[in-house]
Structures are given as C-alpha cells and as structure tokens.
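So the structure is just underneath, and the comments pick up after that.
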Amino acid sequence: MQQVQFDADDADGLARGMAELKMSSPLIVAGYRYWNSRRAGRSMPLRSDLDPIIDIPTLVPHIILFDVRREPLDFRFRLVGSNVRQNLSRDYAGHWFSEFPNYDASSSIWPRHKLLDETGQPMLQRPNYVGPHNDFIYVENILLPLGVEEPGWGMQLMFIDFIRKPSP
C-alpha cells in the first residue's frame with residue numbers, strides 16, 4: 001500500500017504527493033480543493049462547514065464519510081457514495097471497521113485511519129483494487145480529517161477514484 005501524508009498548509013504538498021504516488025485523478029484534486037476551501041485558516045474544517053450535496057453534487061458518488069470513535073477506537077462507515085458502493089464487494093454503510101477482519105485493528109487499513117486521526121494531515125493513498133470488477137487495477141484516494149464538536153469523536157472524509165486497466 002502506497003501512501004503519503006502532507007501538510008495542508010504546504011501549497012505544493014498535494015501535487016508532490018500525487019507525483020510521488022503516480023496519481024493523476026482530477027477527482028482527488030477537486031475533492032481536496034473543496035475540503036481545503038472550507039478550512040478557513042484552521043488545520044481542518046468542521047463537518048458542519050461542509051455541505052457536499054449542495055456544494056459538490058458531482059463528487060458525492062465518490063465519497064466515503066467515516067465516524068471516528070476514540071474510546072475504544074473504531075471507525076464507522078457513515079456514508080458511502082453510490083459509485084463507491086457499486087465498486088466494493090459489499091455495502092459497508094453503518095458498519096464499524098471492527099466488524100470485518102479486512103478492516104479491523106490488525107489490518108493494513110485501520111492504522112492509516114488511526115494515523116490520520118492522530119496527525120490531522122491529509123493522506124493520499126494508492127492501494128491495489130480489491131472488489132468485484134476485473135477491469136480496475138488500483139484506487140486513488142485522499143483521506144481528510146474533519147472536526148466535530150462532540151468530545152471523543154471525529155470524522156474523516158475520503159474522495160475515491162477507481163482506476164481501470166488501460167484498453168488494449
């Protein structure tokens with residue numbers, strides 16, 4: 001699994017990270033720009049600062065929104081966009097990571113979400129695609145922190161693009 005974290009205040013951080021991972025998705029760039037535009041000088045926007053259905057309706061099918069419960073630590077799929085849902089092996093909406101062996105604390109996925117929660121720095125990822133479609137080779141995504149006003153909780157926002165095999 002390839003991943004790069006970068007400082008959101010570094011104007012070239014996104015471009016450098018995408019170049020390092022050989023990522024090119026305009027969807028990732030648009031998702032980051034939306035999140036960044038809502039920060040208003042803070043390290044991250046609050047969840048209440050975002051209204052993706054109104055602000056970025058074309059990106060909504062490509063997002064996952066996660067709840068972060070800190071005690072005990074776990075992550076829940078709050079919202080899974082329609083494009084993401086159709087490209088995964090199941091609908092995870094409403095489920096906690098701890099319910100699935102491929103997402104639990106011993107997996108490779110959990111530590112990345114934990115790291116994002118601890119650092120608050122955007123994370124680019126380019127994992128191999130695992131799912132029901134044979135024409136995808138990998139995924140490009142960006143995982144972004146969101147603040148919430150409830151103690152002991154957090155949220156994370158992911159924009160995800162499924163990259164197909166090149167046509168022969």
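Starting from 1 in every chain, residues are counted up; chains themselves are A, B, ... following the order of the structure tokens, and ligands are numbered from 1 as listed.
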Exercise. Extract, using only C-alpha atoms, all DNA, RNA and protein residues at most 9 Å from range 63-78 of chain A, discarding same-chain residues fewer than 2 positions from it, and format them as a count of residues only.
Key: 31
Practice problem: Would you return as number ranges by chain the members of range 11-157 of chain A that DSSP assigns to alpha helix (DSSP H) on this structure's backbone? | Solution: A: 13-20, 26-37, 52-55, 82-87, 110-119
Write out, as a compact mmCIF listing (two decimals), in the first residue's frame, the residues just selected, with N, CA and C atoms.
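Result file is again-v5.txt:
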# COMPACT_ATOMS: atom_id res chain seq x y z
N GLY A 13 2.06 20.56 -1.49
CA GLY A 13 2.01 19.24 -0.86
C GLY A 13 1.17 18.23 -1.64
N LEU A 14 0.01 18.65 -2.09
CA LEU A 14 -0.86 17.75 -2.85
C LEU A 14 -0.17 17.31 -4.14
N ALA A 15 0.34 18.26 -4.89
CA ALA A 15 0.97 17.94 -6.18
C ALA A 15 2.19 17.04 -5.99
N ARG A 16 3.03 17.32 -4.99
CA ARG A 16 4.20 16.48 -4.74
C ARG A 16 3.78 15.07 -4.34
N GLY A 17 2.78 14.96 -3.45
CA GLY A 17 2.31 13.66 -3.01
C GLY A 17 1.73 12.85 -4.15
N MET A 18 0.93 13.50 -4.99
CA MET A 18 0.34 12.80 -6.13
C MET A 18 1.43 12.35 -7.10
N ALA A 19 2.43 13.19 -7.33
CA ALA A 19 3.53 12.80 -8.23
C ALA A 19 4.29 11.61 -7.65
N GLU A 20 4.55 11.63 -6.35
CA GLU A 20 5.29 10.53 -5.72
C GLU A 20 4.55 9.20 -5.86
N PRO A 26 -8.28 13.75 -11.44
CA PRO A 26 -8.81 15.10 -11.20
C PRO A 26 -9.86 15.09 -10.08
N LEU A 27 -10.49 13.96 -9.86
CA LEU A 27 -11.48 13.84 -8.78
C LEU A 27 -10.81 14.06 -7.41
N ILE A 28 -9.61 13.51 -7.23
CA ILE A 28 -8.87 13.68 -5.98
C ILE A 28 -8.51 15.15 -5.78
N VAL A 29 -8.06 15.78 -6.84
CA VAL A 29 -7.70 17.21 -6.77
C VAL A 29 -8.93 18.04 -6.41
N ALA A 30 -10.05 17.78 -7.06
CA ALA A 30 -11.28 18.54 -6.80
C ALA A 30 -11.76 18.31 -5.36
N GLY A 31 -11.69 17.08 -4.89
CA GLY A 31 -12.11 16.79 -3.52
C GLY A 31 -11.24 17.50 -2.51
N TYR A 32 -9.93 17.49 -2.72
CA TYR A 32 -9.02 18.18 -1.82
C TYR A 32 -9.28 19.69 -1.83
N ARG A 33 -9.45 20.25 -3.01
CA ARG A 33 -9.69 21.70 -3.11
C ARG A 33 -10.96 22.10 -2.37
N TYR A 34 -11.99 21.26 -2.47
CA TYR A 34 -13.23 21.53 -1.74
C TYR A 34 -12.97 21.53 -0.23
N TRP A 35 -12.34 20.47 0.27
CA TRP A 35 -12.03 20.36 1.70
C TRP A 35 -11.18 21.54 2.15
N ASN A 36 -10.14 21.85 1.38
CA ASN A 36 -9.22 22.93 1.71
C ASN A 36 -9.92 24.29 1.74
N SER A 37 -10.87 24.48 0.84
CA SER A 37 -11.59 25.76 0.79
C SER A 37 -12.46 25.98 2.04
N PRO A 52 -21.68 18.80 1.01
CA PRO A 52 -21.30 18.31 -0.31
C PRO A 52 -22.46 18.14 -1.29
N ILE A 53 -23.62 17.81 -0.81
CA ILE A 53 -24.76 17.60 -1.72
C ILE A 53 -25.10 18.90 -2.46
N ILE A 54 -24.97 20.02 -1.78
CA ILE A 54 -25.22 21.32 -2.40
C ILE A 54 -23.98 21.83 -3.12
N ASP A 55 -22.82 21.72 -2.46
CA ASP A 55 -21.59 22.34 -2.96
C ASP A 55 -20.93 21.58 -4.10
N SER A 82 -22.62 6.37 -4.05
CA SER A 82 -23.15 5.33 -4.93
C SER A 82 -22.08 4.72 -5.84
N ASN A 83 -21.15 5.52 -6.36
CA ASN A 83 -20.09 4.98 -7.20
C ASN A 83 -19.17 4.07 -6.40
N VAL A 84 -18.87 4.47 -5.19
CA VAL A 84 -18.02 3.65 -4.32
C VAL A 84 -18.73 2.35 -3.98
N ARG A 85 -19.98 2.45 -3.58
CA ARG A 85 -20.77 1.28 -3.18
C ARG A 85 -20.82 0.23 -4.29
N GLN A 86 -21.02 0.66 -5.53
CA GLN A 86 -21.13 -0.31 -6.62
C GLN A 86 -19.79 -0.95 -6.97
N ASN A 87 -18.68 -0.37 -6.51
CA ASN A 87 -17.37 -0.91 -6.83
C ASN A 87 -16.71 -1.66 -5.67
N TRP A 110 -6.83 -0.05 9.07
CA TRP A 110 -7.04 0.60 10.38
C TRP A 110 -5.91 1.57 10.73
N PRO A 111 -4.63 1.16 10.66
CA PRO A 111 -3.55 2.08 11.07
C PRO A 111 -3.52 3.38 10.29
N ARG A 112 -3.92 3.36 9.03
CA ARG A 112 -3.93 4.61 8.25
C ARG A 112 -4.98 5.57 8.77
N HIS A 113 -6.15 5.06 9.10
CA HIS A 113 -7.20 5.92 9.66
C HIS A 113 -6.80 6.43 11.04
N LYS A 114 -6.15 5.57 11.80
CA LYS A 114 -5.67 5.98 13.13
C LYS A 114 -4.63 7.09 12.99
N LEU A 115 -3.69 6.91 12.06
CA LEU A 115 -2.65 7.92 11.83
C LEU A 115 -3.27 9.26 11.42
N LEU A 116 -4.24 9.23 10.53
CA LEU A 116 -4.90 10.46 10.13
C LEU A 116 -5.57 11.13 11.32
N ASP A 117 -6.22 10.33 12.18
CA ASP A 117 -6.87 10.89 13.36
C ASP A 117 -5.85 11.53 14.30
N GLU A 118 -4.68 10.92 14.41
CA GLU A 118 -3.65 11.43 15.32
C GLU A 118 -2.94 12.67 14.77
N THR A 119 -2.69 12.70 13.47
CA THR A 119 -1.90 13.80 12.90
C THR A 119 -2.74 14.93 12.33
Exercise. For Pro166 in chain A, list every protein, DNA or RNA residue within 12 Å, evaluated using only C-alpha atoms, and leave out those in the same chain fewer than 6 positions away; present the list as a list of chain:residue names.
Key: A:Asp135, A:Phe136, A:Ile137, A:Tyr138
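The nearest approach to Asp161 in chain A among the residues A:Met123, A:Leu79, A:Met23, A:Ala40, with only C-alpha atoms taken into account, belongs to A:Met23.
One finds CA of Ser107 in chain A at 16.6 Å from CA of Gly131 in chain A.
Across the model, the gap from CA of Lys165 in chain A to CA of Ser25 in chain A is 14.2 Å.
Coordinates place CA of Val4 in chain A at a distance of 26.5 Å from CA of Pro132 in chain A.
Near Gln5 in chain A, within 7 Å and counting only C-alpha atoms, sit Gln121, Pro122, Met123 and Leu124 of chain A; same-chain residues fewer than 5 positions away were not included.
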Could you take the residues named above and write them with all heavy atoms, as a PDB file, in the first residue's frame?
ATOM      1  N   GLN A 121      -3.312  15.320   9.272  1.00  0.00           N
ATOM      2  CA  GLN A 121      -2.751  15.703   7.983  1.00  0.00           C
ATOM      3  C   GLN A 121      -3.351  14.861   6.862  1.00  0.00           C
ATOM      4  O   GLN A 121      -3.461  13.636   6.992  1.00  0.00           O
ATOM      5  CB  GLN A 121      -1.238  15.525   7.984  1.00  0.00           C
ATOM      6  CG  GLN A 121      -0.544  16.493   8.910  1.00  0.00           C
ATOM      7  CD  GLN A 121       0.967  16.387   8.787  1.00  0.00           C
ATOM      8  OE1 GLN A 121       1.506  15.366   8.395  1.00  0.00           O
ATOM      9  NE2 GLN A 121       1.651  17.462   9.136  1.00  0.00           N
ATOM     10  N   PRO A 122      -3.731  15.503   5.756  1.00  0.00           N
ATOM     11  CA  PRO A 122      -4.286  14.765   4.620  1.00  0.00           C
ATOM     12  C   PRO A 122      -3.383  13.612   4.201  1.00  0.00           C
ATOM     13  O   PRO A 122      -2.151  13.706   4.309  1.00  0.00           O
ATOM     14  CB  PRO A 122      -4.371  15.817   3.513  1.00  0.00           C
ATOM     15  CG  PRO A 122      -4.443  17.120   4.236  1.00  0.00           C
ATOM     16  CD  PRO A 122      -3.612  16.940   5.468  1.00  0.00           C
ATOM     17  N   MET A 123      -4.011  12.537   3.728  1.00  0.00           N
ATOM     18  CA  MET A 123      -3.268  11.346   3.326  1.00  0.00           C
ATOM     19  C   MET A 123      -3.727  10.880   1.948  1.00  0.00           C
ATOM     20  O   MET A 123      -4.901  10.586   1.746  1.00  0.00           O
ATOM     21  CB  MET A 123      -3.495  10.222   4.339  1.00  0.00           C
ATOM     22  CG  MET A 123      -2.740   8.943   4.016  1.00  0.00           C
ATOM     23  SD  MET A 123      -3.114   7.598   5.174  1.00  0.00           S
ATOM     24  CE  MET A 123      -2.485   8.275   6.707  1.00  0.00           C
ATOM     25  N   LEU A 124      -2.792  10.822   1.029  1.00  0.00           N
ATOM     26  CA  LEU A 124      -3.028  10.244  -0.289  1.00  0.00           C
ATOM     27  C   LEU A 124      -2.710   8.757  -0.216  1.00  0.00           C
ATOM     28  O   LEU A 124      -1.741   8.365   0.441  1.00  0.00           O
ATOM     29  CB  LEU A 124      -2.129  10.897  -1.333  1.00  0.00           C
ATOM     30  CG  LEU A 124      -2.441  12.356  -1.656  1.00  0.00           C
ATOM     31  CD1 LEU A 124      -1.246  13.008  -2.342  1.00  0.00           C
ATOM     32  CD2 LEU A 124      -3.681  12.446  -2.521  1.00  0.00           C
TER      33      LEU A 124
END
Practice problem: DSSP on the backbone, then: every residue of chain A marked strand (DSSP E or B), written as an MDAnalysis selection string. | Solution: chainID A and resid 2:5 46 63:70 73:80 96 123:126 128 136:147 153:164
Quiz item: What's the 9 Å shell around range 148-150 of chain A, counting only C-alpha atoms, without same-chain residues fewer than 5 positions away, as an NGL selection string?
Solution: :A and (45-48 or 155)
Could those residues be written to a file, using N, CA, C and O atoms, as a PDB file, in the first residue's frame?
ATOM      1  N   PRO A  45     -11.487  21.600   8.400  1.00  0.00           N
ATOM      2  CA  PRO A  45     -12.841  22.151   8.566  1.00  0.00           C
ATOM      3  C   PRO A  45     -13.632  21.302   9.558  1.00  0.00           C
ATOM      4  O   PRO A  45     -13.303  20.136   9.802  1.00  0.00           O
ATOM      5  N   LEU A  46     -14.653  21.893  10.108  1.00  0.00           N
ATOM      6  CA  LEU A  46     -15.625  21.127  10.887  1.00  0.00           C
ATOM      7  C   LEU A  46     -16.561  20.422   9.912  1.00  0.00           C
ATOM      8  O   LEU A  46     -16.780  20.903   8.796  1.00  0.00           O
ATOM      9  N   ARG A  47     -17.137  19.328  10.345  1.00  0.00           N
ATOM     10  CA  ARG A  47     -18.123  18.635   9.499  1.00  0.00           C
ATOM     11  C   ARG A  47     -19.251  19.591   9.132  1.00  0.00           C
ATOM     12  O   ARG A  47     -19.752  19.576   8.009  1.00  0.00           O
ATOM     13  N   SER A  48     -19.610  20.448  10.068  1.00  0.00           N
ATOM     14  CA  SER A  48     -20.710  21.391   9.833  1.00  0.00           C
ATOM     15  C   SER A  48     -20.369  22.461   8.793  1.00  0.00           C
ATOM     16  O   SER A  48     -21.257  23.156   8.307  1.00  0.00           O
ATOM     17  N   MET A 155     -14.301  12.808  12.614  1.00  0.00           N
ATOM     18  CA  MET A 155     -14.817  12.322  11.336  1.00  0.00           C
ATOM     19  C   MET A 155     -13.694  12.382  10.315  1.00  0.00           C
ATOM     20  O   MET A 155     -12.727  13.140  10.480  1.00  0.00           O
TER      21      MET A 155
END
